[in-house]
Every structure is written in structure tokens, then in C-alpha cells.
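*Asks:* Pasting model06.txt below, which is compact mmCIF, C-alpha atoms.
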# COMPACT_ATOMS: atom_id res chain seq x y z
CA MET B 1 10.05 -46.30 3.04
CA LYS B 2 6.43 -45.29 3.50
CA ILE B 3 7.21 -43.92 6.93
CA VAL B 4 10.07 -41.81 5.62
CA ALA B 5 7.86 -40.38 2.89
CA GLY B 6 5.21 -39.58 5.49
CA VAL B 7 7.69 -37.70 7.61
CA ILE B 8 8.89 -35.69 4.63
CA VAL B 9 5.34 -34.72 3.73
CA ALA B 10 4.72 -33.70 7.31
CA LEU B 11 7.85 -31.56 7.36
CA LEU B 12 6.81 -29.85 4.19
CA THR B 13 3.34 -28.99 5.32
CA VAL B 14 3.54 -28.59 9.08
CA ALA B 15 6.28 -27.01 11.13
CA HIS B 16 6.71 -29.41 14.02
CA VAL B 17 8.23 -28.27 17.21
CA GLY B 18 9.71 -30.61 19.73
CA ALA B 19 10.56 -29.76 23.29
CA ALA B 20 11.09 -26.05 22.70
CA SER B 21 8.90 -23.91 24.92
CA SER B 22 9.04 -20.87 22.71
CA VAL B 23 8.36 -20.56 18.97
CA ALA B 24 8.27 -17.63 16.60
CA VAL B 25 5.82 -16.99 13.76
CA GLY B 26 6.81 -14.33 11.26
CA ILE B 27 4.42 -12.04 9.44
CA GLU B 28 5.73 -10.82 6.12
CA GLU B 29 4.13 -9.78 2.83
CA PHE B 30 0.69 -10.38 4.35
CA LYS B 31 1.45 -14.01 5.27
CA PHE B 32 1.90 -15.91 8.53
CA THR B 33 4.99 -18.14 8.37
CA PRO B 34 4.63 -20.98 9.03
CA PRO B 35 0.92 -21.04 8.22
CA VAL B 36 0.54 -24.34 10.07
CA LEU B 37 2.41 -24.68 13.33
CA ALA B 38 2.29 -27.76 15.57
CA VAL B 39 3.56 -27.36 19.13
CA PRO B 40 3.39 -29.25 22.45
CA VAL B 41 1.18 -28.02 25.26
CA GLY B 42 2.82 -25.25 27.23
CA THR B 43 4.52 -23.63 24.24
CA THR B 44 4.61 -19.87 23.96
CA VAL B 45 4.16 -18.68 20.38
CA THR B 46 5.46 -15.22 19.56
CA TRP B 47 4.36 -13.44 16.40
CA ILE B 48 6.45 -10.66 14.93
CA ASN B 49 5.17 -8.33 12.23
CA HIS B 50 7.84 -7.53 9.64
CA ASP B 51 5.38 -5.59 7.44
CA GLU B 52 4.92 -1.83 7.57
CA GLU B 53 1.21 -2.56 7.43
CA PRO B 54 -0.36 -3.38 10.81
CA HIS B 55 -1.68 -6.89 11.36
CA THR B 56 -3.49 -8.66 14.15
CA ILE B 57 -3.46 -12.19 15.48
CA THR B 58 -7.15 -12.85 16.02
CA SER B 59 -8.40 -16.29 16.97
CA VAL B 60 -11.47 -17.46 15.05
CA ASP B 61 -13.28 -18.56 18.21
CA GLY B 62 -12.17 -15.58 20.30
CA ALA B 63 -9.79 -17.61 22.49
CA PHE B 64 -6.98 -15.08 22.05
CA GLY B 65 -6.22 -11.96 20.12
CA SER B 66 -3.80 -9.11 19.73
CA THR B 67 -4.37 -5.45 19.00
CA GLY B 68 -2.86 -4.02 15.83
CA LEU B 69 0.83 -4.87 15.62
CA SER B 70 2.97 -2.15 14.10
CA HIS B 71 6.20 -2.78 12.20
CA GLU B 72 8.40 -5.20 14.22
CA ASP B 73 5.88 -5.36 17.09
CA THR B 74 5.38 -8.73 18.73
CA PHE B 75 2.53 -10.59 20.37
CA ALA B 76 2.92 -13.73 22.51
CA GLN B 77 0.42 -16.38 23.49
CA THR B 78 1.02 -19.47 25.65
CA PHE B 79 -1.03 -22.52 24.72
CA ILE B 80 -1.91 -24.56 27.77
CA ARG B 81 -4.60 -26.80 26.27
CA PRO B 82 -4.46 -29.13 23.27
CA GLY B 83 -6.51 -28.09 20.29
CA ARG B 84 -6.60 -26.55 16.82
CA TYR B 85 -6.37 -22.79 17.09
CA GLU B 86 -7.32 -21.12 13.83
CA TYR B 87 -6.53 -17.44 13.59
CA PHE B 88 -6.52 -14.61 11.05
CA CYS B 89 -5.69 -10.92 10.71
CA ALA B 90 -8.70 -8.74 11.50
CA LEU B 91 -7.47 -6.07 9.12
CA HIS B 92 -6.79 -8.51 6.26
CA PRO B 93 -9.12 -11.45 6.89
CA HIS B 94 -7.72 -13.43 3.95
CA MET B 95 -4.56 -13.91 6.05
CA LYS B 96 -5.32 -17.21 7.82
CA ALA B 97 -3.19 -19.68 9.75
CA ILE B 98 -3.41 -22.27 12.51
CA VAL B 99 -1.61 -23.41 15.64
CA ILE B 100 -2.09 -27.09 16.48
CA VAL B 101 -1.37 -27.82 20.13
CA LYS B 102 -0.79 -31.45 21.08
CA MET Y 1 1.90 -0.64 -33.37
CA ASP Y 2 -0.54 -1.94 -30.82
CA ARG Y 3 -3.99 -0.57 -31.08
CA ILE Y 4 -4.97 1.33 -27.96
CA ASP Y 5 -8.65 1.20 -27.22
CA ARG Y 6 -10.32 3.91 -25.20
CA ARG Y 7 -10.34 1.99 -21.95
CA GLY Y 8 -6.67 1.14 -22.40
CA PHE Y 9 -5.93 4.74 -23.11
CA LEU Y 10 -7.77 5.91 -20.01
CA GLU Y 11 -5.88 3.45 -17.86
CA CYS Y 12 -2.59 4.55 -19.35
CA MET Y 13 -3.36 8.14 -18.64
CA ALA Y 14 -4.46 7.34 -15.13
CA TRP Y 15 -1.27 5.41 -14.50
CA ALA Y 16 0.80 8.24 -15.81
CA GLY Y 17 -0.41 10.10 -12.77
CA THR Y 18 -1.66 13.48 -12.13
CA GLY Y 19 -2.38 17.01 -13.08
CA LEU Y 20 -4.91 15.97 -15.70
CA VAL Y 21 -8.50 16.99 -15.90
CA TRP Y 22 -11.05 14.85 -17.63
CA VAL Y 23 -13.55 16.81 -19.63
CA SER Y 24 -16.50 15.37 -21.45
CA THR Y 25 -17.66 16.98 -24.65
CA GLY Y 26 -20.50 15.26 -26.44
CA GLY Y 27 -19.83 12.05 -24.54
CA VAL Y 28 -16.21 11.74 -25.64
CA LEU Y 29 -13.70 12.05 -22.87
CA SER Y 30 -10.59 14.03 -23.45
CA SER Y 31 -7.88 15.11 -21.09
CA ARG Y 32 -5.85 18.23 -20.79
CA VAL Y 33 -3.83 19.97 -18.16
CA ILE Y 34 -5.69 22.99 -16.91
CA ALA Y 35 -6.27 25.12 -13.87
CA PRO Y 36 -9.69 23.76 -12.91
CA ALA Y 37 -10.48 26.45 -10.41
CA ALA Y 38 -10.09 29.11 -13.09
CA ALA Y 39 -12.50 27.21 -15.32
CA ALA Y 40 -14.96 26.91 -12.47
CA GLU Y 41 -14.76 30.59 -11.68
CA ALA Y 42 -15.82 31.49 -15.18
CA THR Y 43 -19.15 29.65 -14.96
CA PRO Y 44 -21.88 30.72 -12.54
CA GLY Y 45 -23.23 27.90 -10.40
CA SER Y 46 -20.04 25.90 -10.59
CA PHE Y 47 -18.26 24.72 -7.49
CA SER Y 48 -15.37 22.54 -6.50
CA PHE Y 49 -14.64 20.23 -3.63
CA VAL Y 50 -11.63 18.27 -2.46
CA GLN Y 51 -11.15 14.60 -1.70
CA ILE Y 52 -8.54 13.72 0.93
CA SER Y 53 -7.92 10.04 1.54
CA ASP Y 54 -5.86 7.54 3.47
CA THR Y 55 -4.08 9.95 5.78
CA HIS Y 56 -2.81 6.95 7.82
CA ILE Y 57 -1.66 8.97 10.79
CA GLY Y 58 0.49 6.68 12.91
CA PHE Y 59 2.30 5.17 9.91
CA LYS Y 60 6.06 5.27 9.94
CA GLY Y 61 7.92 3.57 7.14
CA GLN Y 62 10.47 3.90 4.40
CA ALA Y 63 8.18 5.88 2.11
CA ASN Y 64 7.19 8.40 4.76
CA SER Y 65 8.63 8.98 8.21
CA ASP Y 66 6.08 11.69 9.04
CA PRO Y 67 2.57 11.42 7.53
CA THR Y 68 1.47 14.26 9.80
CA ALA Y 69 3.77 16.59 7.89
CA THR Y 70 2.60 15.40 4.47
CA LEU Y 71 -1.04 15.81 5.53
CA GLN Y 72 -0.24 19.33 6.64
CA GLN Y 73 1.31 20.00 3.22
CA VAL Y 74 -1.84 18.73 1.55
CA VAL Y 75 -3.90 21.07 3.74
CA ASP Y 76 -1.64 23.98 2.73
CA HIS Y 77 -2.17 23.03 -0.93
CA VAL Y 78 -5.94 22.93 -0.43
CA ASN Y 79 -5.91 26.28 1.33
CA ALA Y 80 -4.14 27.84 -1.65
CA LEU Y 81 -6.90 26.79 -4.08
CA GLN Y 82 -8.88 29.64 -5.61
CA PRO Y 83 -11.78 29.65 -5.17
CA ALA Y 84 -11.75 27.66 -1.95
CA PRO Y 85 -13.39 24.22 -2.09
CA ALA Y 86 -17.02 24.24 -0.94
CA PHE Y 87 -16.32 21.23 1.24
CA VAL Y 88 -13.92 18.35 1.73
CA LEU Y 89 -14.56 14.61 1.61
CA HIS Y 90 -12.27 12.35 3.66
CA THR Y 91 -12.61 8.87 2.20
CA GLY Y 92 -11.22 6.92 5.12
CA ASP Y 93 -8.20 5.39 6.76
CA GLN Y 94 -7.65 8.51 8.80
CA THR Y 95 -5.53 6.39 11.11
CA HIS Y 96 -2.92 3.71 10.59
CA GLY Y 97 -4.42 0.78 12.43
CA GLN Y 98 -6.28 2.95 14.96
CA LYS Y 99 -2.98 4.04 16.49
CA ALA Y 100 -3.65 5.75 19.81
CA GLY Y 101 -4.16 9.49 19.41
CA ALA Y 102 -4.28 9.37 15.61
CA PHE Y 103 -7.92 10.51 15.28
CA ASP Y 104 -7.08 13.55 17.41
CA ILE Y 105 -4.13 14.49 15.20
CA VAL Y 106 -6.23 14.25 12.02
CA ALA Y 107 -9.00 16.34 13.59
CA GLU Y 108 -6.49 18.97 14.70
CA ILE Y 109 -4.83 19.26 11.29
CA LEU Y 110 -8.12 19.30 9.38
CA LYS Y 111 -9.38 22.13 11.58
CA GLY Y 112 -6.99 24.22 9.54
CA VAL Y 113 -8.73 23.55 6.21
CA LYS Y 114 -10.42 26.64 4.83
CA THR Y 115 -13.75 25.14 3.82
CA GLU Y 116 -17.33 25.07 5.02
CA ARG Y 117 -17.46 21.46 6.09
CA ILE Y 118 -15.69 18.12 6.02
CA PHE Y 119 -17.60 14.88 5.41
CA TYR Y 120 -16.19 11.53 6.41
CA VAL Y 121 -16.55 7.85 5.66
CA PRO Y 122 -14.47 5.27 7.53
CA GLY Y 123 -11.70 3.02 6.24
CA GLU Y 124 -11.02 -0.43 7.66
CA HIS Y 125 -8.01 0.96 9.55
CA ASP Y 126 -10.39 3.26 11.44
CA VAL Y 127 -12.76 0.56 12.65
CA PHE Y 128 -11.16 -2.89 12.70
CA LEU Y 129 -10.11 -2.89 16.35
CA ASP Y 130 -13.38 -1.78 17.94
CA GLY Y 131 -16.01 -2.33 15.25
CA GLY Y 132 -16.23 1.41 14.61
CA LYS Y 133 -16.99 2.51 18.17
CA GLU Y 134 -14.48 5.36 18.29
CA TYR Y 135 -15.02 6.41 14.67
CA LEU Y 136 -18.83 6.51 14.96
CA GLY Y 137 -18.52 8.25 18.33
CA ARG Y 138 -16.70 11.04 16.54
CA TYR Y 139 -18.32 11.06 13.10
CA GLY Y 140 -21.57 9.09 13.39
CA LYS Y 141 -23.63 12.07 14.47
CA GLY Y 142 -25.98 13.24 11.73
CA THR Y 143 -25.49 10.05 9.71
CA VAL Y 144 -28.24 7.50 9.07
CA GLY Y 145 -29.00 5.84 12.40
CA GLY Y 146 -25.55 6.91 13.60
CA ARG Y 147 -24.09 4.18 11.38
CA GLY Y 148 -21.83 6.40 9.32
CA TRP Y 149 -23.55 6.66 5.95
CA GLN Y 150 -25.32 9.80 4.74
CA SER Y 151 -26.40 11.93 1.82
CA PHE Y 152 -26.62 15.65 1.17
CA ASP Y 153 -27.35 18.04 -1.66
CA TYR Y 154 -25.17 20.86 -2.84
CA LYS Y 155 -26.09 23.28 -5.62
CA GLY Y 156 -28.23 20.74 -7.43
CA SER Y 157 -25.84 17.80 -7.07
CA HIS Y 158 -26.56 14.86 -4.77
CA PHE Y 159 -23.77 13.41 -2.63
CA VAL Y 160 -23.85 10.00 -0.99
CA GLY Y 161 -21.25 8.77 1.53
CA LEU Y 162 -21.29 4.99 1.96
CA VAL Y 163 -19.66 2.72 4.54
CA ASN Y 164 -18.16 -0.48 3.15
CA VAL Y 165 -15.67 -1.46 5.83
CA LEU Y 166 -17.91 -2.51 8.72
CA LYS Y 167 -19.03 -5.74 7.11
CA TYR Y 168 -15.62 -6.95 6.04
CA LYS Y 169 -16.12 -10.47 4.78
CA GLY Y 170 -13.99 -13.60 4.87
CA GLU Y 171 -11.70 -12.65 2.03
CA GLY Y 172 -11.23 -9.09 3.21
CA MET Y 173 -13.42 -7.42 0.62
CA GLY Y 174 -15.53 -4.39 1.31
CA ALA Y 175 -19.27 -4.85 1.71
CA LEU Y 176 -22.21 -2.47 2.09
CA GLY Y 177 -24.85 -4.77 3.54
CA GLU Y 178 -28.59 -5.04 3.04
CA ASP Y 179 -29.64 -2.12 5.25
CA GLN Y 180 -27.42 0.37 3.49
CA ILE Y 181 -28.35 -0.75 -0.03
CA GLU Y 182 -32.03 -0.49 0.86
CA TRP Y 183 -31.46 2.97 2.29
CA LEU Y 184 -29.59 4.01 -0.88
CA GLU Y 185 -32.46 2.90 -3.10
CA ASN Y 186 -34.91 4.99 -1.06
CA ASP Y 187 -32.52 7.93 -0.88
CA LEU Y 188 -32.13 8.08 -4.67
CA ALA Y 189 -35.79 7.37 -5.53
CA PRO Y 190 -37.12 10.97 -5.43
CA LEU Y 191 -34.27 12.37 -7.55
CA SER Y 192 -34.62 13.31 -11.18
CA SER Y 193 -32.35 11.30 -13.50
CA SER Y 194 -30.66 14.52 -14.57
CA THR Y 195 -29.34 15.14 -11.03
CA PRO Y 196 -25.55 14.77 -10.95
CA VAL Y 197 -24.74 12.15 -8.30
CA VAL Y 198 -21.43 11.75 -6.48
CA VAL Y 199 -20.92 8.61 -4.41
CA PHE Y 200 -17.94 8.30 -2.07
CA SER Y 201 -16.72 5.39 0.03
CA HIS Y 202 -13.41 3.98 1.18
CA VAL Y 203 -13.00 0.65 -0.62
CA PRO Y 204 -13.53 0.91 -4.39
CA LEU Y 205 -17.06 0.15 -5.55
CA TRP Y 206 -15.63 -1.68 -8.54
CA ALA Y 207 -13.47 -4.76 -8.82
CA VAL Y 208 -10.02 -3.17 -8.97
CA TYR Y 209 -8.19 -6.29 -7.77
CA PRO Y 210 -10.22 -8.72 -5.69
CA GLN Y 211 -7.12 -10.84 -4.95
CA TRP Y 212 -5.97 -8.01 -2.68
CA GLY Y 213 -9.47 -7.29 -1.40
CA TRP Y 214 -9.69 -4.21 -3.62
CA THR Y 215 -13.37 -4.53 -4.32
CA THR Y 216 -16.79 -4.28 -2.67
CA GLU Y 217 -18.55 -7.57 -3.01
CA ASP Y 218 -22.11 -6.22 -3.11
CA ALA Y 219 -21.36 -2.98 -4.97
CA GLY Y 220 -23.27 -4.17 -8.04
CA ARG Y 221 -26.47 -4.21 -6.02
CA ALA Y 222 -25.93 -0.56 -5.12
CA LEU Y 223 -24.79 0.57 -8.57
CA VAL Y 224 -27.93 -0.77 -10.20
CA HIS Y 225 -29.83 2.06 -8.48
CA LEU Y 226 -27.46 4.60 -10.08
CA LYS Y 227 -27.84 3.40 -13.66
CA ARG Y 228 -30.68 5.75 -14.60
CA PHE Y 229 -28.67 8.88 -13.76
CA GLY Y 230 -26.94 10.78 -16.51
CA SER Y 231 -23.87 11.73 -14.49
CA VAL Y 232 -22.49 9.57 -11.70
CA THR Y 233 -19.05 10.01 -10.18
CA VAL Y 234 -17.76 7.40 -7.73
CA LEU Y 235 -14.83 8.49 -5.56
CA ASN Y 236 -12.90 5.94 -3.52
CA GLY Y 237 -9.63 5.55 -1.63
CA HIS Y 238 -8.06 2.46 -0.07
CA ILE Y 239 -5.63 1.58 -2.86
CA HIS Y 240 -3.32 4.62 -2.52
CA GLN Y 241 -3.06 5.35 -6.24
CA VAL Y 242 -5.03 6.99 -9.01
CA LEU Y 243 -7.08 4.61 -11.11
CA GLN Y 244 -10.01 5.46 -13.30
CA LYS Y 245 -12.71 3.51 -15.06
CA VAL Y 246 -15.70 4.61 -17.10
CA GLU Y 247 -18.75 2.39 -17.37
CA GLY Y 248 -21.75 3.88 -19.10
CA ASN Y 249 -22.57 7.11 -17.29
CA VAL Y 250 -20.61 6.10 -14.20
CA ARG Y 251 -17.07 7.33 -13.70
CA PHE Y 252 -15.01 5.60 -11.04
CA HIS Y 253 -11.96 7.31 -9.61
CA THR Y 254 -9.60 6.37 -6.80
CA ALA Y 255 -7.49 8.91 -4.96
CA MET Y 256 -3.92 8.87 -3.76
CA SER Y 257 -3.08 8.63 -0.09
CA THR Y 258 -1.56 11.61 1.69
CA ALA Y 259 0.83 9.21 3.43
CA PHE Y 260 2.31 6.49 1.22
CA PRO Y 261 1.70 4.76 -2.13
CA GLN Y 262 0.72 1.15 -2.63
CA PRO Y 263 1.81 -1.00 -5.58
CA ALA Y 264 -0.17 -1.27 -8.79
CA PRO Y 265 -2.48 -4.30 -8.76
CA GLY Y 266 -0.54 -7.54 -8.96
CA THR Y 267 2.90 -5.96 -9.27
CA ALA Y 268 4.07 -6.98 -5.78
CA PRO Y 269 3.62 -10.03 -3.56
CA ALA Y 270 1.33 -8.07 -1.23
CA PRO Y 271 -0.44 -4.70 -1.20
CA GLY Y 272 1.65 -3.22 1.64
CA PRO Y 273 3.22 0.25 1.63
CA MET Y 274 5.75 0.61 -1.20
CA LYS Y 275 9.32 0.60 0.06
CA ILE Y 276 10.69 3.53 -1.87
CA SER Y 277 12.48 6.73 -0.94
CA GLU Y 278 10.51 9.60 0.55
CA ALA Y 279 11.37 11.73 -2.50
CA ASP Y 280 9.91 9.13 -4.87
CA ALA Y 281 6.90 8.62 -2.62
CA ARG Y 282 6.07 12.32 -2.71
CA ARG Y 283 5.40 11.97 -6.42
CA MET Y 284 2.79 9.33 -5.60
CA ILE Y 285 0.91 10.91 -2.69
CA GLY Y 286 -1.38 13.91 -2.74
CA VAL Y 287 -4.92 15.12 -3.04
CA THR Y 288 -7.85 15.22 -5.48
CA GLU Y 289 -9.82 18.27 -6.53
CA VAL Y 290 -13.19 17.87 -8.22
CA THR Y 291 -14.97 20.64 -10.08
CA HIS Y 292 -18.56 20.69 -11.21
CA VAL Y 293 -19.45 23.04 -14.02
CA PRO Y 294 -23.16 23.28 -14.83
CA GLY Y 295 -23.95 22.03 -18.31
CA GLN Y 296 -20.87 19.84 -18.43
CA HIS Y 297 -21.74 16.21 -18.30
CA ALA Y 298 -18.83 14.97 -16.23
CA LEU Y 299 -17.13 16.44 -13.21
CA ALA Y 300 -13.53 17.48 -13.71
CA VAL Y 301 -11.16 15.50 -11.52
CA VAL Y 302 -7.61 16.68 -10.95
CA ASP Y 303 -5.03 14.83 -8.89
CA SER Y 304 -2.07 16.74 -7.49
CA THR Y 305 1.02 15.18 -5.96
CA LEU Y 306 3.31 16.59 -3.30
CA GLY Y 307 6.44 16.09 -5.36
Represent the structure of the file as C-alpha cells.
*Replies:*
Amino acid sequence: MKIVAGVIVALLTVAHVGAASSVAVGIEEFKFTPPVLAVPVGTTVTWINHDEEPHTITSVDGAFGSTGLSHEDTFAQTFIRPGRYEYFCALHPHMKAIVIVK
Amino acid sequence: MDRIDRRGFLECMAWAGTGLVWVSTGGVLSSRVIAPAAAAEATPGSFSFVQISDTHIGFKGQANSDPTATLQQVVDHVNALQPAPAFVLHTGDQTHGQKAGAFDIVAEILKGVKTERIFYVPGEHDVFLDGGKEYLGRYGKGTVGGRGWQSFDYKGSHFVGLVNVLKYKGEGMGALGEDQIEWLENDLAPLSSSTPVVVFSHVPLWAVYPQWGWTTEDAGRALVHLKRFGSVTVLNGHIHQVLQKVEGNVRFHTAMSTAFPQPAPGTAPAPGPMKISEADARRMIGVTEVTHVPGQHALAVVDSTLG
């Protein structure tokens, strides 16, 4: 029972991705969705900006970063090393999210 | 009936939009619709200037498919003003996310403005990709240390252009920074307290709506140096709508964008461009004209829409 509850909590808070090699993160209403994304090593994450306002995907430690994404523009990044990759939007720094690579 | 206090009344009037001029008589603000230029013409020593803001060249959305065209219409409106504005202030976000070529388009269109000079301060859209390299390369010359801020005098009034988008902090609020605040203190020090002062910057220098980053976190430390002046007008952009606040002798005013409106604070999930028809948007974009008449305590501020 405890295990089941744990899994449910995890599903609610972290979007887990299994064997898929490609995952999308949406940007809408000044939010990254999902804000917490867990993926296996080798996954390519593609962000798409649904807002009319430009946004960036800018890693906190400078590991990766996009230029300004216009409406419906995309940016892709392949994660080849495990780690916690925090990122934000350089134009709206309160927009924060993370990719966890395992 | 609900009692409407003065602040509430001012906000209501500001929300209602445009075409109003605020006139101070004996410290009591009243509003009326007038032709400000005509009033200015009648008084020797008076002058007017124009504030253009948030041109967002490169934007393309539901509210405006062609911000180049709406900027051109604003320029045509400005060029029809009689007398012509002494100068123009552009309070930032010339570009929409530093879109390639956007600075050139703005420069080209603004060449057509019939005025002596245009002064600029940057918006976060103009500097976020390269830390201000391109913006300061174009507009840094003649500013303090090439860093974008500056002051000048015109017919007895003192104008200060401040940069509050190059030290964007964690929560996305504007910030001026130590160096600039120190410079401001020194810049204002020799002035007599009766000198009318106009301060302009991109992000509002008052807490409009911090949840959306619509504030400058260290503005209070700058405003303290303005307290002794009898007439202070603070002109900002960034929020794409007219809002006004009066605090002591300081009058805060935000201008419309020439490109698209943004929602009123807290009325939408996010502060992005409003998704409304171009016809509706035209009633919410435009330009601000400010007139100084000697002997009148406050400057007259008139906002005109395109629709």
C-alpha cells in the first residue's frame, strides 16, 4: 500500500519518462509544463513556446541555452549525462523548471 | 453608494483610458479633456514632449499582425501635433525579444519623427539575449559611462533616464543597482527643489504588480532622493497600459505600447499579450504627450489611442 501511494505521489509531482528518446515540454501562460521532468540518459527534450511572448530555455549553470523562442518556436536539447538540470527563462526569470536525467 | 476616495477615483479614470489631461490647481488634481498643445501655445516658456514605449518590433500575434504599421501610425500622429514636441522619449522594449533586424526597423521609422532629438532607455526585451551589447552599441554613446543612463536639462526642467533592466533579479523584477542610485543622488544634488524633475525608465518605479515582475525592487532607494522636489513626474512603460499613481509630489504614469496591450494586473493567468481582435487592441495602444506649462505644478499628461 505504501509503495502504491509513493508511486502516485511521484506521478503527481514528477513526469517520469520511460524508454522514450524524445520528450516535449510545453511553455504556456509563462509556465514550463511539466515543471519537473525526469528522463533517462540519452533523451532529447524539445521545448515549444505556445505563448505570443518570447521565452528562453536557459540553464542555471550555463550547460545549455536557447535564444528567444517566438510563438510556436521549438528548442531541443539531448541529455547525455545524468544530473539535475535547472533552467529558467532569461526574459522572465521567475519561470523556473528542472530536467532530472537518470 | 460606495465612497470613492481620491486614489480610487484616479485609478478609475486611468483605467477608463485616454484623452484626459491631469491639471493641478492648488494641489487638487482634476481632469478634463483638452487640446494640450493649444494650452501650451498660450503660455510662453511652455513645451511639450512625447513618450513612445514598447514598440515591440518583431511581434506578431492576434492583437497586432504588424507592429511596424502601428508604430508608423503613432509617428504620423506625433508629426501632426502642434506645436511639435521638443523631443521624444522611448521608454524601452523597442524590439520583441531582440528579433533580428528589429532595432534597424525602429531606427528607420523614428527617423521620420519631426522633433529635435529622441532619448532612449532599454527594456528587458532589448537586452536579455546579449546583456545589452547591441542596445548600448547603438544608444550608449553620451550616456553615463556608456551604460545607458543619463540626464539633461530642458527649459528649466531636469530629465533623468534610468536603466532598470540590466540587473534583472531572480523574480524578474527591475533593478537599478548601486552605481546608478549613487549617480542619481549626485546628479540631483546641485538642483534647486523647485526644479521640475521628470524621471523615465522602462519598468515602473513603483510596485504596480510584483507578482508579474511589474516593479523595480530598489526604486525606493532612488525615489528618496526625489522627495524634496516640488514637482516630480515618473514615466514608465513595460506594462502596456495606462496606470497612474500620485504619492506626495511624485506622479507616476505608465504609457501604452504602440504594439499590443497587456492585461490589467491580476486579471489573467500571465502578463502575456492580450488575445483580442486588432480593432479592440487599437483602442488600447498609442502614445503619450506631456506638456509643461510654467507656473503649473504638475505636467499635463495626455494618452491617445490609435482606435
*Asks:* With 10 Å as the limit and counting all atoms listed in the file, what residues in chain B lie close to chain Y? Please list them as a PyMOL selection string.
*Replies:* chain B and resi 28-31+51-56+66-71+88-96
*Asks:* Y:Asp153, Y:Asp303, Y:Glu116, Y:Asp54: which is nearest Gln244 (chain Y), counting only C-alpha atoms?
*Replies:*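 Of all the options, Y:Asp303 lies closest to Gln244 (chain Y).
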*Asks:* Looking at all atoms listed in the file, which of Y:Pro294, Y:Pro196, Y:Gly148, Y:Pro204 is the one that sits closest to Gln180 (chain Y)?
*Replies:*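 Smallest separation from Gln180 (chain Y) among the options: Y:Gly148.
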*Asks:* From (-20.6, 16.5, -14.9), in the file's coordinates, out to 12 Å: which residues are reached, counting only C-alpha atoms? Answer as JSON, numbers by chain.
*Replies:* {"Y": [22, 23, 24, 25, 26, 27, 29, 46, 47, 48, 156, 157, 158, 194, 195, 196, 197, 198, 229, 230, 231, 232, 233, 234, 249, 250, 251, 290, 291, 292, 293, 294, 295, 296, 297, 298, 299, 300, 301]}
*Asks:* Once 8 Å is added on each side, what are the centre and the three edge lengths, in Å to one decimal, of the axis-aligned box enclosing the listed atoms of region 46-65 of chain B? Present them as JSON.
*Replies:*
{"center_x": -2.7, "center_y": -10.2, "center_z": 15.0, "size_x": 37.1, "size_y": 32.7, "size_z": 31.1}
*Asks:* Just the residues within 12 Å of Ala63 (chain B), please, counting all atoms listed in the file, with nothing from its chain fewer than 2 positions along; format it as an MDAnalysis selection string.
*Replies:* chainID B and resid 57:61 65:66 77:81 83:87
*Asks:* List the spatial neighbours of Ala69 (chain Y) as a PyMOL selection string - criterion: any atom at most 10 Å away, only C-alpha atoms, same-chain residues fewer than 6 positions off excluded.
*Replies:* chain Y and resi 57+75+109+258-259
*Asks:* What separation in Å, quoted to one decimal, exists between CA of Glu185 (chain Y) and CA of Phe159 (chain Y)?
*Replies:*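 Distance between the two atoms: 13.6 Å.
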*Asks:* Take CA of Pro34 (chain B) and CA of Ala97 (chain B) and report the distance between them in Å, one decimal.
*Replies:*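 One can read the CA of Pro34 (chain B) to CA of Ala97 (chain B) distance as 8.0 Å.
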*Asks:* For CA of Ile27 (chain B) and CA of His50 (chain B), quote the distance in Å rounded to one decimal.
*Replies:*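 Rounded to one decimal, the two atoms are 5.7 Å apart.
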*Asks:* When you count only C-alpha atoms, which of these residues is closest to Gly174 (chain Y): Y:Asn236, Y:Ser193, Y:Asn64, Y:Asn186?
*Replies:*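 Looking only at the distances to Gly174 (chain Y), the closest residue turns out to be Y:Asn236.
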*Asks:* Counting all atoms listed in the file, which of Y:Gly92, Y:Pro190, Y:Gly101, Y:Gly248 gets nearest to Tyr139 (chain Y)?
*Replies:*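 Ranked by minimum distance to Tyr139 (chain Y), first place goes to Y:Gly92.
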*Asks:* Got a sec to check which residues sit within 9 Å of (-10.6, 4.9, 6.9), counting only C-alpha atoms, and write them as number ranges by chain?
*Replies:* Y: 53-56, 90-96, 120-127, 165, 202-203, 237-238
*Asks:* Could you give me, as a VMD selection string, the residues within 10 Å of Trp183 (chain Y), counting all atoms listed in the file and dropping anything in the same chain fewer than 6 positions from it?
*Replies:* chain Y and resid 144 149 to 150 189 222
*Asks:* Restricting it to C-alpha atoms, dump the selection as a PDB file, keeping the file's coordinate frame.
*Replies:*
ATOM      1  CA  VAL Y 144     -28.240   7.500   9.070  1.00  0.00           C
ATOM      2  CA  TRP Y 149     -23.550   6.660   5.950  1.00  0.00           C
ATOM      3  CA  GLN Y 150     -25.320   9.800   4.740  1.00  0.00           C
ATOM      4  CA  ALA Y 189     -35.790   7.370  -5.530  1.00  0.00           C
ATOM      5  CA  ALA Y 222     -25.930  -0.560  -5.120  1.00  0.00           C
TER       6      ALA Y 222
END
*Asks:* Since the input lacks some atoms of region 139-150 of chain Y, please model N, CA and C atoms and print them as a compact mmCIF listing (two decimals), in the coordinates of the input.
*Replies:*
# COMPACT_ATOMS: atom_id res chain seq x y z
N TYR Y 139 -17.79 10.62 14.39
CA TYR Y 139 -18.32 11.06 13.10
C TYR Y 139 -19.69 10.47 12.75
N GLY Y 140 -20.27 9.72 13.68
CA GLY Y 140 -21.57 9.09 13.39
C GLY Y 140 -22.74 10.05 13.49
N LYS Y 141 -22.55 11.11 14.26
CA LYS Y 141 -23.63 12.07 14.47
C LYS Y 141 -24.11 12.67 13.15
N GLY Y 142 -25.43 12.66 12.96
CA GLY Y 142 -25.98 13.24 11.73
C GLY Y 142 -26.00 12.26 10.57
N THR Y 143 -25.42 11.05 10.77
CA THR Y 143 -25.49 10.05 9.71
C THR Y 143 -26.70 9.14 9.96
N VAL Y 144 -27.03 8.32 8.98
CA VAL Y 144 -28.24 7.50 9.07
C VAL Y 144 -28.14 6.52 10.25
N GLY Y 145 -29.00 6.72 11.23
CA GLY Y 145 -29.00 5.84 12.40
C GLY Y 145 -27.69 5.84 13.17
N GLY Y 146 -26.86 6.86 12.95
CA GLY Y 146 -25.55 6.91 13.60
C GLY Y 146 -24.59 5.85 13.08
N ARG Y 147 -24.89 5.29 11.90
CA ARG Y 147 -24.09 4.18 11.38
C ARG Y 147 -23.05 4.61 10.35
N GLY Y 148 -22.96 5.91 10.11
CA GLY Y 148 -21.83 6.40 9.32
C GLY Y 148 -22.14 6.76 7.88
N TRP Y 149 -23.25 6.27 7.33
CA TRP Y 149 -23.55 6.66 5.95
C TRP Y 149 -24.55 7.81 5.92
N GLN Y 150 -24.54 8.56 4.79
CA GLN Y 150 -25.32 9.80 4.74
C GLN Y 150 -25.43 10.30 3.31
